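Participant: Dumping the structure here so I can ask a few things about it.
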Amino acid sequence: MTVLVGLIGYPVKHSVSAAFHQAAFDHMGMRAQYLLWEVPPEDLEEKLKELREPDHLGANVTIPHKEAVIPLLDHVDEMARRIGAVNTIVNQGGHLVGFNTDAQGFLTALRGEGEFEPQGRRAVLVGAGGAARAAAFMLLEAGIGTLAIVNRNLDRADALVQDLERGQKGRKEAARGGQEGRTTAYPWEPEALARALDNCDLVVNCTPLGTRSSQWEGHSPLSAALIPPSALVYDLVYNPPETPFLAEARKAGARTLPGLPMLLYQGAASFQLWTGRKAPVEVMYAAARRALGLEKGS
Ligand code: NAP
């Protein structure tokens, strides 16, 4: 029997997950097919019913479902529950279990390819959805000094700050707006943006702005004028490899970290959860680079 696994999102056309997971399954000689499942919010519940069938290994979950999927699962692992977002589902004999591999992928790439140690530094996250939750959680775990969360919808940023405060028991520094603490929500407005970004060491785009083949193609969350030249600029968007945000960062003279290494690390961890086998990371990396047009042939 060929088993099925795939990416649940809306949209998913830009994704290279199918290319690199399929390469991994083929390399390991496993009869599995990785599919891209474009699922609008109203069809999410129905899609999860299908995932319980015996020929389904599970799924990855992406924009905009990482939070909405949680109440539809049978069990959510401790870290994903604390983060409040699931990006990997495993079908365990008809029971759906949720995990978050984005979090470790985010930090591994930040410390590895980004050569950035969060301890005591100042970070700004743009966005407050599922990916921002994972990033914020890991930055706090790694001892970030201050964390600013800028979002179009301020209530969502506030909710994330409150959850982080609850998660970081005993730490009372979270605050909103003017009274700034360790974790602060900011509205997406020029004056607040400038205040949040002033002298920061790390800026992370956790929105889909810039994603190829989407309504967000060609857009950058920030312009060069707002980016501190001494900051590391990390774009979680990985397609195209040179995003508009990374181009703005280069204009500002800042160091950049693209989203591909995180994608690989979170994907390798998902693969291991579905199969119980160590992922062939080199094979996956080469396949992702080919899918992004960074390498020729196969
Ligand atoms: P999500 O949960 O749906 O959150 C989306 C976030 O983007 C929200 O904060 C939303 O703000 C904001 N946003 C959406 N459209 C916007 C716009 N036009 N202007 C300003 N803000 C906008 O999605 P997610 O799962 O966090 O994913 C976010 C991005 O990260 C996606 O592009 C995803 O592919 C990428 N990602 C990459 C990796 C990787 O491995 N490289 C891993 C995870 C995610 P509102 O709250 O105001 O709607």
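In the structure tokens, chains take letters A, B, ... by order of appearance, with residues numbered from 1 within each chain and ligands from 1 in the order shown.
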Enumerate residues in contact with ligand 1: an atom-to-atom distance of at most 6 Å, counting only C-alpha atoms and all ligand atoms. Format the result as an NGL selection string.
Facilitator: :A and (62-64 or 66 or 102 or 127-132 or 151-153 or 156 or 206-208 or 236-238 or 259-260 or 262-263)
Participant: Determine which residues of segment 33-250 of chain A receive a DSSP assignment of strand (DSSP E or B), computed from the backbone, and state them as an NGL selection string.
Facilitator: :A and (33-38 or 56-61 or 75-76 or 88-92 or 95-99 or 119 or 122-126 or 144 or 146-151 or 175-176 or 183-187 or 202-205 or 232-235)
Participant: Looking at only C-alpha atoms, which of A:Leu264, A:Leu193, A:Ala185, A:Val126 is the one that sits closest to Asp155 of chain A?
Facilitator: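 Comparing A:Leu264, A:Leu193, A:Ala185, A:Val126 against Asp155 of chain A, the winner is A:Ala185.
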Participant: Just the number, please: distance in Å from atom CA of Lys47 of chain A to atom CA of Asn100 of chain A, one decimal.
Facilitator: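 Interatomic distance, atom CA of Lys47 of chain A to atom CA of Asn100 of chain A: 19.2 Å.
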Participant: List the neighbours of His75 of chain A out to 12 Å using only C-alpha atoms; skip same-chain residues closer than 4 positions along the sequence, and give me the result as a ChimeraX atom specification.
Facilitator: /A:69-71,79-81,86,89-92,94-99
Participant: Using only C-alpha atoms, which residues sit within 10 Å of Ala286 of chain A once same-chain residues fewer than 4 positions away are excluded, as a ChimeraX atom specification?
Facilitator: /A:19-20,23,281-282,290-292,294-296,298
Participant: Would you export the selected residues with C-alpha atoms as a PDB file, in the first residue's frame, please?
Facilitator:
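What ended up in out_6.pdb:
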```
ATOM      1  CA  ALA A  19       9.541  18.183  -3.576  1.00  0.00           C
ATOM      2  CA  PHE A  20      11.839  17.566  -0.634  1.00  0.00           C
ATOM      3  CA  ALA A  23      12.788  12.965  -2.451  1.00  0.00           C
ATOM      4  CA  VAL A 281      18.645  15.915   5.250  1.00  0.00           C
ATOM      5  CA  GLU A 282      21.225  16.266   2.446  1.00  0.00           C
ATOM      6  CA  ARG A 290      16.220  22.300  -7.204  1.00  0.00           C
ATOM      7  CA  ALA A 291      12.540  23.100  -6.602  1.00  0.00           C
ATOM      8  CA  LEU A 292      13.480  26.714  -5.869  1.00  0.00           C
ATOM      9  CA  LEU A 294      18.825  27.230  -7.074  1.00  0.00           C
ATOM     10  CA  GLU A 295      20.332  24.048  -8.536  1.00  0.00           C
ATOM     11  CA  LYS A 296      20.095  22.461 -11.981  1.00  0.00           C
ATOM     12  CA  SER A 298      17.992  16.064 -10.606  1.00  0.00           C
TER      13      SER A 298
END
```
Participant: Would you please work out which residue, of A:Gln119, A:Ser220, A:Gln272, A:Gln266, is nearest to Leu202 of chain A when using only C-alpha atoms?
Facilitator: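 The closest residue to Leu202 of chain A is A:Gln119.
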Participant: Write out as a VMD selection string which residues come within 10 Å of Ala123 of chain A when counting only C-alpha atoms, dropping same-chain ones fewer than 5 positions away.
Facilitator: chain A and resid 118 136 139 144 to 149 183 196 to 197 199 to 204 231 to 232
Participant: Could the residues in this selection be saved with N, CA, C and O atoms as a PDB file, in the first residue's frame?
Facilitator:
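Just written: part_28.pdb:
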```
ATOM      1  N   PRO A 118      20.576  34.281  20.919  1.00  0.00           N
ATOM      2  CA  PRO A 118      19.534  35.187  21.415  1.00  0.00           C
ATOM      3  C   PRO A 118      19.750  35.758  22.826  1.00  0.00           C
ATOM      4  O   PRO A 118      19.212  36.824  23.133  1.00  0.00           O
ATOM      5  N   ALA A 136       8.527  33.093  18.864  1.00  0.00           N
ATOM      6  CA  ALA A 136       8.522  33.818  20.147  1.00  0.00           C
ATOM      7  C   ALA A 136       8.824  32.869  21.295  1.00  0.00           C
ATOM      8  O   ALA A 136       9.638  33.168  22.182  1.00  0.00           O
ATOM      9  N   LEU A 139      12.527  31.989  21.244  1.00  0.00           N
ATOM     10  CA  LEU A 139      13.400  33.108  21.614  1.00  0.00           C
ATOM     11  C   LEU A 139      13.377  33.313  23.137  1.00  0.00           C
ATOM     12  O   LEU A 139      14.414  33.565  23.754  1.00  0.00           O
ATOM     13  N   ILE A 144      16.109  35.476  25.229  1.00  0.00           N
ATOM     14  CA  ILE A 144      16.106  36.784  24.556  1.00  0.00           C
ATOM     15  C   ILE A 144      15.894  37.895  25.597  1.00  0.00           C
ATOM     16  O   ILE A 144      15.159  37.707  26.574  1.00  0.00           O
ATOM     17  N   GLY A 145      16.530  39.040  25.384  1.00  0.00           N
ATOM     18  CA  GLY A 145      16.424  40.133  26.354  1.00  0.00           C
ATOM     19  C   GLY A 145      15.067  40.811  26.279  1.00  0.00           C
ATOM     20  O   GLY A 145      14.330  40.871  27.268  1.00  0.00           O
ATOM     21  N   THR A 146      14.716  41.342  25.084  1.00  0.00           N
ATOM     22  CA  THR A 146      13.373  41.908  24.877  1.00  0.00           C
ATOM     23  C   THR A 146      12.817  41.390  23.552  1.00  0.00           C
ATOM     24  O   THR A 146      13.569  41.122  22.608  1.00  0.00           O
ATOM     25  N   LEU A 147      11.506  41.284  23.526  1.00  0.00           N
ATOM     26  CA  LEU A 147      10.824  40.762  22.338  1.00  0.00           C
ATOM     27  C   LEU A 147       9.642  41.665  22.018  1.00  0.00           C
ATOM     28  O   LEU A 147       8.724  41.807  22.827  1.00  0.00           O
ATOM     29  N   ALA A 148       9.689  42.300  20.832  1.00  0.00           N
ATOM     30  CA  ALA A 148       8.577  43.143  20.376  1.00  0.00           C
ATOM     31  C   ALA A 148       7.806  42.368  19.312  1.00  0.00           C
ATOM     32  O   ALA A 148       8.409  41.780  18.414  1.00  0.00           O
ATOM     33  N   ILE A 149       6.487  42.368  19.427  1.00  0.00           N
ATOM     34  CA  ILE A 149       5.654  41.667  18.441  1.00  0.00           C
ATOM     35  C   ILE A 149       4.757  42.693  17.762  1.00  0.00           C
ATOM     36  O   ILE A 149       3.900  43.303  18.402  1.00  0.00           O
ATOM     37  N   THR A 183       8.317  41.371  26.886  1.00  0.00           N
ATOM     38  CA  THR A 183       7.540  41.018  25.697  1.00  0.00           C
ATOM     39  C   THR A 183       6.460  42.066  25.497  1.00  0.00           C
ATOM     40  O   THR A 183       5.660  42.313  26.397  1.00  0.00           O
ATOM     41  N   ALA A 196       9.749  50.146  18.022  1.00  0.00           N
ATOM     42  CA  ALA A 196      10.048  48.718  18.228  1.00  0.00           C
ATOM     43  C   ALA A 196      11.396  48.355  17.597  1.00  0.00           C
ATOM     44  O   ALA A 196      12.156  47.566  18.152  1.00  0.00           O
ATOM     45  N   LEU A 197      11.688  48.945  16.429  1.00  0.00           N
ATOM     46  CA  LEU A 197      12.871  48.526  15.668  1.00  0.00           C
ATOM     47  C   LEU A 197      14.154  49.234  16.097  1.00  0.00           C
ATOM     48  O   LEU A 197      15.256  48.777  15.760  1.00  0.00           O
ATOM     49  N   ASN A 199      17.408  50.183  17.394  1.00  0.00           N
ATOM     50  CA  ASN A 199      18.508  49.467  18.066  1.00  0.00           C
ATOM     51  C   ASN A 199      18.297  47.970  18.253  1.00  0.00           C
ATOM     52  O   ASN A 199      18.964  47.378  19.103  1.00  0.00           O
ATOM     53  N   CYS A 200      17.379  47.364  17.512  1.00  0.00           N
ATOM     54  CA  CYS A 200      17.167  45.930  17.747  1.00  0.00           C
ATOM     55  C   CYS A 200      18.279  45.116  17.067  1.00  0.00           C
ATOM     56  O   CYS A 200      18.962  45.595  16.160  1.00  0.00           O
ATOM     57  N   ASP A 201      18.452  43.873  17.523  1.00  0.00           N
ATOM     58  CA  ASP A 201      19.519  43.005  17.003  1.00  0.00           C
ATOM     59  C   ASP A 201      19.001  41.990  15.986  1.00  0.00           C
ATOM     60  O   ASP A 201      19.785  41.414  15.237  1.00  0.00           O
ATOM     61  N   LEU A 202      17.686  41.739  16.035  1.00  0.00           N
ATOM     62  CA  LEU A 202      17.103  40.695  15.188  1.00  0.00           C
ATOM     63  C   LEU A 202      15.708  41.126  14.756  1.00  0.00           C
ATOM     64  O   LEU A 202      14.909  41.572  15.595  1.00  0.00           O
ATOM     65  N   VAL A 203      15.410  41.018  13.450  1.00  0.00           N
ATOM     66  CA  VAL A 203      14.060  41.286  12.944  1.00  0.00           C
ATOM     67  C   VAL A 203      13.611  40.062  12.151  1.00  0.00           C
ATOM     68  O   VAL A 203      14.329  39.612  11.248  1.00  0.00           O
ATOM     69  N   VAL A 204      12.434  39.521  12.484  1.00  0.00           N
ATOM     70  CA  VAL A 204      11.965  38.303  11.825  1.00  0.00           C
ATOM     71  C   VAL A 204      10.623  38.570  11.152  1.00  0.00           C
ATOM     72  O   VAL A 204       9.686  39.050  11.798  1.00  0.00           O
ATOM     73  N   ALA A 231      21.357  44.886  12.525  1.00  0.00           N
ATOM     74  CA  ALA A 231      20.480  43.761  12.882  1.00  0.00           C
ATOM     75  C   ALA A 231      20.668  42.580  11.930  1.00  0.00           C
ATOM     76  O   ALA A 231      21.092  42.755  10.778  1.00  0.00           O
ATOM     77  N   LEU A 232      20.337  41.385  12.420  1.00  0.00           N
ATOM     78  CA  LEU A 232      20.177  40.224  11.536  1.00  0.00           C
ATOM     79  C   LEU A 232      18.719  40.199  11.099  1.00  0.00           C
ATOM     80  O   LEU A 232      17.817  40.271  11.946  1.00  0.00           O
TER      81      LEU A 232
END
```
Participant: So, counting only C-alpha atoms, which residue among A:Phe106, A:Asp55, A:Tyr10, A:Arg166 is closest to Arg31 of chain A?
Facilitator: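 Looking at the shortest contact to Arg31 of chain A, the residue is A:Asp55.
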Participant: Kindly indicate which residue among A:His21, A:Arg195, A:His14, A:Arg122 lies nearest to Ala269 of chain A, using only C-alpha atoms for the distances.
Facilitator: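 Comparing A:His21, A:Arg195, A:His14, A:Arg122 against Ala269 of chain A, the winner is A:His21.
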Participant: Which of segment 68-234 of chain A end up as alpha helix (DSSP H) when DSSP is run on this backbone - answer as a PyMOL selection string?
Facilitator: chain A and resi 78-83+102-111+130-141+154-167+190-197
Participant: Determine, counting only C-alpha atoms, which protein, DNA and RNA residues have an atom within 6 Å of an atom of Tyr234 of chain A; residues of the same chain fewer than 2 positions away are not included. Present the result as a list in words.
Facilitator: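 Selected residues are Val204, Thr256, Leu257 and Pro258 of chain A.
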Participant: Near segment 275-279 of chain A, within 10 Å and counting only C-alpha atoms, which residues show up once chain neighbours fewer than 2 positions away are dropped, as a list of chain:residue names?
Facilitator: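 Listing them by chain and then by number gives A:His21, A:Ala24, A:Phe25, A:His27, A:Met28, A:Met30, A:Leu57, A:Val90, A:Tyr265, A:Gly267, A:Ala268, A:Ala269, A:Ser270, A:Phe271, A:Gln272, A:Leu273, A:Val281, A:Glu282, A:Val283, A:Met284.
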Participant: Store the residues picked out above in a file with N, CA, C and O atoms, as a tab-separated table (two decimals), in the first residue's frame.
Facilitator:
```tsv
chain	number	residue	atom	x	y	z
A	21	HIS	N	10.12	16.32	0.59
A	21	HIS	CA	9.66	15.12	1.31
A	21	HIS	C	9.59	13.93	0.37
A	21	HIS	O	9.95	12.81	0.75
A	24	ALA	N	12.88	12.47	-0.07
A	24	ALA	CA	13.31	11.71	1.11
A	24	ALA	C	12.67	10.32	1.11
A	24	ALA	O	13.35	9.32	1.33
A	25	PHE	N	11.36	10.26	0.85
A	25	PHE	CA	10.68	8.95	0.82
A	25	PHE	C	11.29	8.06	-0.26
A	25	PHE	O	11.55	6.87	-0.04
A	27	HIS	N	14.28	8.22	-1.62
A	27	HIS	CA	15.64	7.86	-1.24
A	27	HIS	C	15.65	6.70	-0.23
A	27	HIS	O	16.51	5.82	-0.31
A	28	MET	N	14.68	6.69	0.67
A	28	MET	CA	14.62	5.65	1.71
A	28	MET	C	13.90	4.39	1.19
A	28	MET	O	13.71	3.44	1.94
A	30	MET	N	10.72	4.10	0.47
A	30	MET	CA	9.42	3.96	1.14
A	30	MET	C	8.30	4.26	0.15
A	30	MET	O	8.40	5.22	-0.62
A	57	LEU	N	-0.44	8.84	6.69
A	57	LEU	CA	0.59	8.94	7.75
A	57	LEU	C	0.34	10.14	8.64
A	57	LEU	O	0.67	10.14	9.81
A	90	VAL	N	0.40	13.59	13.22
A	90	VAL	CA	0.71	12.18	13.00
A	90	VAL	C	-0.56	11.37	13.23
A	90	VAL	O	-1.24	11.56	14.24
A	265	TYR	N	14.94	22.07	8.48
A	265	TYR	CA	15.02	21.50	9.84
A	265	TYR	C	13.64	21.08	10.34
A	265	TYR	O	13.49	20.01	10.93
A	267	GLY	N	11.11	20.28	8.47
A	267	GLY	CA	10.67	19.18	7.62
A	267	GLY	C	11.33	17.87	8.03
A	267	GLY	O	10.68	16.82	8.06
A	268	ALA	N	12.61	17.93	8.36
A	268	ALA	CA	13.33	16.72	8.77
A	268	ALA	C	12.72	16.17	10.07
A	268	ALA	O	12.55	14.96	10.23
A	269	ALA	N	12.36	17.06	10.97
A	269	ALA	CA	11.76	16.62	12.24
A	269	ALA	C	10.38	16.01	12.00
A	269	ALA	O	10.01	15.01	12.62
A	270	SER	N	9.59	16.59	11.09
A	270	SER	CA	8.28	16.02	10.75
A	270	SER	C	8.44	14.63	10.15
A	270	SER	O	7.72	13.70	10.52
A	271	PHE	N	9.40	14.49	9.24
A	271	PHE	CA	9.65	13.20	8.58
A	271	PHE	C	9.92	12.13	9.63
A	271	PHE	O	9.39	11.02	9.57
A	272	GLN	N	10.73	12.48	10.61
A	272	GLN	CA	11.08	11.52	11.66
A	272	GLN	C	9.84	11.14	12.49
A	272	GLN	O	9.68	9.99	12.88
A	273	LEU	N	8.96	12.11	12.73
A	273	LEU	CA	7.73	11.82	13.50
A	273	LEU	C	6.81	10.87	12.72
A	273	LEU	O	6.20	9.98	13.30
A	281	VAL	N	18.70	14.45	5.37
A	281	VAL	CA	18.64	15.91	5.25
A	281	VAL	C	19.35	16.43	3.99
A	281	VAL	O	18.86	17.34	3.33
A	282	GLU	N	20.49	15.79	3.63
A	282	GLU	CA	21.23	16.27	2.45
A	282	GLU	C	20.38	16.09	1.18
A	282	GLU	O	20.37	16.96	0.31
A	283	VAL	N	19.69	14.95	1.10
A	283	VAL	CA	18.82	14.66	-0.06
A	283	VAL	C	17.69	15.69	-0.10
A	283	VAL	O	17.34	16.23	-1.17
A	284	MET	N	17.13	15.98	1.06
A	284	MET	CA	16.01	16.94	1.13
A	284	MET	C	16.48	18.35	0.74
A	284	MET	O	15.78	19.07	0.02
```
Participant: Can you work out the spacing between atom CA of Arg255 of chain A and atom CA of Val16 of chain A in Å, to one decimal?
Facilitator: 24.7 Å
